[in-house]
Structure formats: structure tokens, C-alpha cells
>>> print(open('input.cif').read())   # mmCIF, C-alpha atoms
data_coords
#
loop_
_atom_site.group_PDB
_atom_site.id
_atom_site.type_symbol
_atom_site.label_atom_id
_atom_site.label_comp_id
_atom_site.auth_asym_id
_atom_site.auth_seq_id
_atom_site.Cartn_x
_atom_site.Cartn_y
_atom_site.Cartn_z
ATOM 1 C CA MET A 18 174.630 136.842 143.796
ATOM 2 C CA ILE A 19 171.320 135.908 145.410
ATOM 3 C CA TRP A 20 171.443 133.323 148.187
ATOM 4 C CA LYS A 21 168.982 130.421 147.922
ATOM 5 C CA PRO A 22 168.462 127.389 150.142
ATOM 6 C CA ASN A 23 168.560 123.862 148.771
ATOM 7 C CA VAL A 24 164.961 122.644 148.846
ATOM 8 C CA THR A 25 164.643 118.988 149.780
ATOM 9 C CA VAL A 26 161.855 116.559 150.549
ATOM 10 C CA ALA A 27 161.814 113.535 152.848
ATOM 11 C CA ALA A 28 159.407 110.653 153.503
ATOM 12 C CA VAL A 29 158.684 109.606 157.070
ATOM 13 C CA VAL A 30 157.185 106.128 156.819
ATOM 14 C CA GLU A 31 156.285 104.054 159.870
ATOM 15 C CA ARG A 32 155.049 100.484 159.564
ATOM 16 C CA ASP A 33 154.662 98.006 162.412
ATOM 17 C CA GLY A 34 156.771 100.159 164.728
ATOM 18 C CA ARG A 35 159.657 100.540 162.263
ATOM 19 C CA PHE A 36 160.705 103.448 160.068
ATOM 20 C CA LEU A 37 161.801 103.222 156.439
ATOM 21 C CA LEU A 38 165.320 104.586 156.037
ATOM 22 C CA VAL A 39 168.122 104.338 153.540
ATOM 23 C CA GLU A 40 171.758 103.532 154.005
ATOM 24 C CA GLU A 41 173.603 105.795 151.622
ATOM 25 C CA THR A 42 177.121 106.982 150.976
ATOM 26 C CA ALA A 43 177.714 110.631 151.824
ATOM 27 C CA ASP A 44 181.067 112.323 152.332
ATOM 28 C CA GLY A 45 182.798 108.963 152.014
ATOM 29 C CA ARG A 46 180.869 107.131 154.739
ATOM 30 C CA LEU A 47 177.736 105.008 155.019
ATOM 31 C CA VAL A 48 174.988 107.037 156.714
ATOM 32 C CA LEU A 49 171.304 106.730 157.535
ATOM 33 C CA ASN A 50 168.677 109.071 156.145
ATOM 34 C CA GLN A 51 165.010 109.149 155.343
ATOM 35 C CA PRO A 52 164.249 108.592 151.683
ATOM 36 C CA ALA A 53 164.986 112.149 150.624
ATOM 37 C CA GLY A 54 166.300 114.350 147.887
ATOM 38 C CA HIS A 55 166.185 117.613 146.033
ATOM 39 C CA LEU A 56 163.177 119.216 144.445
ATOM 40 C CA ASP A 57 163.589 119.191 140.662
ATOM 41 C CA GLU A 58 162.602 122.102 138.456
ATOM 42 C CA GLY A 59 158.920 121.984 137.473
ATOM 43 C CA GLU A 60 158.103 119.396 140.136
ATOM 44 C CA SER A 61 155.699 119.821 143.038
ATOM 45 C CA LEU A 62 156.818 118.922 146.560
ATOM 46 C CA ILE A 63 154.456 115.925 146.541
ATOM 47 C CA GLU A 64 155.747 114.702 143.191
ATOM 48 C CA ALA A 65 159.320 115.059 144.474
ATOM 49 C CA VAL A 66 158.822 113.017 147.649
ATOM 50 C CA VAL A 67 156.979 110.273 145.764
ATOM 51 C CA ARG A 68 159.766 110.124 143.153
ATOM 52 C CA GLU A 69 162.631 110.221 145.651
ATOM 53 C CA THR A 70 161.106 107.476 147.806
ATOM 54 C CA LEU A 71 160.671 105.192 144.801
ATOM 55 C CA GLU A 72 164.174 105.903 143.470
ATOM 56 C CA GLU A 73 165.862 105.317 146.835
ATOM 57 C CA THR A 74 163.802 102.451 148.304
ATOM 58 C CA ALA A 75 161.790 100.839 145.457
ATOM 59 C CA TRP A 76 158.668 101.537 147.538
ATOM 60 C CA HIS A 77 155.709 103.535 146.186
ATOM 61 C CA PHE A 78 154.966 106.266 148.726
ATOM 62 C CA ARG A 79 151.565 107.841 149.312
ATOM 63 C CA PRO A 80 151.948 111.130 151.249
ATOM 64 C CA GLU A 81 149.179 111.789 153.763
ATOM 65 C CA ALA A 82 150.398 114.756 155.822
ATOM 66 C CA LEU A 83 153.202 117.232 156.256
ATOM 67 C CA VAL A 84 155.278 116.516 159.385
ATOM 68 C CA GLY A 85 157.250 119.747 159.271
ATOM 69 C CA ILE A 86 159.420 122.193 157.408
ATOM 70 C CA TYR A 87 163.006 122.348 158.623
ATOM 71 C CA ARG A 88 165.866 124.750 157.964
ATOM 72 C CA TRP A 89 169.339 123.328 158.533
ATOM 73 C CA PRO A 90 172.543 125.211 157.734
ATOM 74 C CA HIS A 91 175.234 122.588 157.128
ATOM 75 C CA PRO A 92 178.052 123.312 159.584
ATOM 76 C CA GLY A 93 180.819 122.150 157.231
ATOM 77 C CA ARG A 94 179.656 123.735 153.978
ATOM 78 C CA PRO A 95 178.228 127.028 152.780
ATOM 79 C CA VAL A 96 174.795 125.484 152.157
ATOM 80 C CA THR A 97 171.440 125.619 153.909
ATOM 81 C CA TYR A 98 168.799 122.938 153.437
ATOM 82 C CA LEU A 99 165.081 123.599 153.586
ATOM 83 C CA ARG A 100 163.441 120.193 154.124
ATOM 84 C CA PHE A 101 159.754 119.407 153.687
ATOM 85 C CA ALA A 102 159.081 116.138 155.535
ATOM 86 C CA PHE A 103 155.982 114.145 154.664
ATOM 87 C CA ALA A 104 154.263 111.363 156.588
ATOM 88 C CA GLY A 105 152.553 108.655 154.620
ATOM 89 C CA ARG A 106 152.534 104.998 153.809
ATOM 90 C CA VAL A 107 154.054 102.726 151.242
ATOM 91 C CA VAL A 108 151.582 100.929 149.029
ATOM 92 C CA ASP A 109 153.631 98.756 146.699
ATOM 93 C CA HIS A 110 157.179 97.463 146.427
ATOM 94 C CA GLU A 111 159.370 96.743 143.402
ATOM 95 C CA PRO A 112 162.121 94.575 144.957
ATOM 96 C CA ALA A 113 163.897 94.096 141.603
ATOM 97 C CA ARG A 114 164.124 97.862 140.989
ATOM 98 C CA ARG A 115 167.632 99.297 140.926
ATOM 99 C CA LEU A 116 168.153 101.938 143.631
ATOM 100 C CA ASP A 117 169.704 105.362 143.061
ATOM 101 C CA GLU A 118 173.472 105.631 142.865
ATOM 102 C CA GLY A 119 174.922 105.956 146.352
ATOM 103 C CA ILE A 120 172.075 104.061 148.023
ATOM 104 C CA ALA A 121 173.297 100.811 149.587
ATOM 105 C CA GLN A 122 169.898 99.581 150.742
ATOM 106 C CA ALA A 123 166.569 100.452 152.294
ATOM 107 C CA VAL A 124 166.162 99.371 155.919
ATOM 108 C CA TRP A 125 163.363 99.326 158.492
ATOM 109 C CA LEU A 126 164.494 100.438 161.965
ATOM 110 C CA THR A 127 162.713 100.898 165.272
ATOM 111 C CA PRO A 128 162.973 104.315 166.926
ATOM 112 C CA GLU A 129 165.377 102.765 169.442
ATOM 113 C CA GLU A 130 167.606 101.317 166.707
ATOM 114 C CA LEU A 131 167.640 104.658 164.926
ATOM 115 C CA ARG A 132 168.525 106.552 168.093
ATOM 116 C CA ALA A 133 171.303 104.044 168.906
ATOM 117 C CA ALA A 134 172.809 104.721 165.462
ATOM 118 C CA SER A 135 172.822 108.516 165.881
ATOM 119 C CA ASP A 136 176.506 108.697 164.927
ATOM 120 C CA ARG A 137 175.484 107.406 161.479
ATOM 121 C CA HIS A 138 172.695 109.932 160.824
ATOM 122 C CA ARG A 139 173.325 111.991 157.726
ATOM 123 C CA SER A 140 172.145 115.095 159.567
ATOM 124 C CA PRO A 141 170.197 116.086 162.693
ATOM 125 C CA LEU A 142 167.137 116.240 160.435
ATOM 126 C CA VAL A 143 166.857 112.430 160.497
ATOM 127 C CA GLN A 144 166.098 112.127 164.211
ATOM 128 C CA ARG A 145 164.110 115.362 164.406
ATOM 129 C CA CYS A 146 161.683 114.228 161.696
ATOM 130 C CA VAL A 147 161.094 110.896 163.456
ATOM 131 C CA ASP A 148 160.691 112.594 166.835
ATOM 132 C CA ASP A 149 158.167 115.063 165.415
ATOM 133 C CA PHE A 150 156.276 112.195 163.759
ATOM 134 C CA LEU A 151 156.192 110.253 167.033
ATOM 135 C CA GLU A 152 154.910 113.364 168.813
ATOM 136 C CA GLY A 153 151.972 113.349 166.402
ATOM 137 C CA ARG A 154 152.866 116.370 164.309
ATOM 138 C CA ARG A 155 150.773 116.235 161.150
ATOM 139 C CA PHE A 156 149.621 119.106 158.987
ATOM 140 C CA PRO A 157 147.175 118.745 156.089
ATOM 141 C CA LEU A 158 148.645 118.575 152.604
ATOM 142 C CA GLY A 159 146.246 121.369 151.674
ATOM 143 C CA LEU A 160 148.642 123.670 153.506
ATOM 144 C CA LEU A 161 150.797 123.500 150.363
ATOM 145 C CA ALA A 162 149.765 125.448 147.291
ATOM 146 C CA ASP A 163 151.285 124.691 143.891
ATOM 147 C CA LEU A 164 150.225 127.378 141.461
ATOM 148 C CA ALA A 165 151.824 125.640 138.499
ATOM 149 C CA GLY A 166 148.795 123.386 138.152
ATOM 150 C CA GLY A 167 150.458 120.201 139.439
ATOM 151 C CA THR A 168 149.644 118.357 142.615
ATOM 152 C CA PRO A 169 150.273 120.304 145.861
#
>>> encode(input="input.cif", output="C-alpha cells")
Amino acid sequence: MIWKPNVTVAAVVERDGRFLLVEETADGRLVLNQPAGHLDEGESLIEAVVRETLEETAWHFRPEALVGIYRWPHPGRPVTYLRFAFAGRVVDHEPARRLDEGIAQAVWLTPEELRAASDRHRSPLVQRCVDDFLEGRRFPLGLLADLAGGTP
């Protein structure tokens, strides 16, 4: 059997000093995470983060930069996540849109509020992505190459 990581995408959205996050149920508890999810077959990384953000928050996300690529082996499961985190902005909201199953709500939190709720973070990736964003880490989207003919 060939080992493969679970490829995920996440949106890091800051507006007026607050970050867009989701409260979602994972492992039987309500946790905080960036709008994030798995890359679907045939989908580019950009398409995936746009889709996941809309499905989980009802906000239309416009990626502008790559914040980082993160490898995280889950300590309680035999799974490793490879997360591509994108910085960008939200451009439209559909407040009547039904959110993905397991998502309680989208919330906007300050960095201080997020840090104070560290016991509710879904993984260490949540804080690390925000910290990297706040440190100014941005890489051009052109760094990504999608040879299937879709968007990067």
C-alpha cells in the first residue's frame, strides 16, 4: 500500500482586524477552524479553497496569495494532512445559504480572541496560519502550477 497525505486547503481572511473562522463539530466537540476542506478529484487548489469557503461560510472568497504549505501528522490517528493556506478577501455574502453539515456558524474573531480560545482549535494549523499571515507571509499564486488546464 502506498502512503498518501490528505491534501487540504484553507482560507485565511482578515477584515477590519478580525479573521473569518468556522465553528464546526469534530470528534464530538465544537471547534474553531479556518474555512477549510479536502481537495476533490479534478479540482485545482484555488477552486477547492473557493468552494470550501463558500460551502462553510456562505462567503465568496477571492484568493490573492499563498500563506504557506503545512504538513501536520495527526497525533491521534494514522493520517497526515498537507494544508495549502491561502490569503484573500471575501467579496460577497449569501446569508440565506445553508452551510455544510457539521458547520455551526461562521464567526469573525480578533487574533486575541482566537488565541484565547486555543483549547477549541481544531488543530495547531489554525493558529499557525494566522500567525504566518500576521507576520506578512505571502507567496504569489503563480507559485502553483496546475497542468490539468484549470486555474492554478
>>> residues_around(input="input.cif", residues="range 37-53 of chain A", least_positions_apart="2", cutoff="6 Å", atoms="only C-alpha atoms", output="count of residues only")
17
>>> axis_aligned_box(input="input.cif", around="range 110-126 of chain A", padding_each_side="5 Å", output="JSON")
{"center_x": 166.1, "center_y": 100.0, "center_z": 151.4, "size_x": 27.7, "size_y": 21.9, "size_z": 31.0}
>>> closest_residue(input="input.cif", among="A:Gly105, A:Tyr98, A:Pro157, A:Gly93", to="Val66 in chain A", atoms="all atoms listed in the file")
A:Gly105
>>> residues_near_point(input="input.cif", point="(168.9, 109.3, 164.3)", cutoff="9 Å", atoms="all atoms listed in the file", output="MDAnalysis selection string")
chainID A and resid 49:50 128 130:145 147
>>> atom_distance(input="input.cif", atom1="CA of Met18 in chain A", atom2="CA of Ala102 in chain A")
28.4 Å
>>> atom_distance(input="input.cif", atom1="CA of Pro90 in chain A", atom2="CA of Cys146 in chain A")
15.9 Å
>>> closest_residue(input="input.cif", among="A:Arg94, A:Arg35, A:Arg106, A:Arg114", to="Thr74 in chain A", atoms="all atoms listed in the file")
A:Arg114
>>> closest_residue(input="input.cif", among="A:Phe103, A:Tyr87, A:Phe78, A:Phe150", to="Val24 in chain A", atoms="all atoms listed in the file")
A:Tyr87
>>> residues_around(input="input.cif", residues="range 158-160 of chain A", least_positions_apart="5", cutoff="9 Å", atoms="only C-alpha atoms", output="PyMOL selection string")
chain A and resi 63+80-83+103+169
>>> closest_residue(input="input.cif", among="A:Leu151, A:Gly54, A:Pro112, A:Asp163", to="Glu31 in chain A", atoms="all atoms listed in the file")
A:Leu151
>>> atom_distance(input="input.cif", atom1="CA of Glu152 in chain A", atom2="CA of Val84 in chain A")
9.9 Å
>>> closest_residue(input="input.cif", among="A:Arg32, A:His110, A:Arg115, A:His91", to="His77 in chain A", atoms="all atoms listed in the file")
A:His110
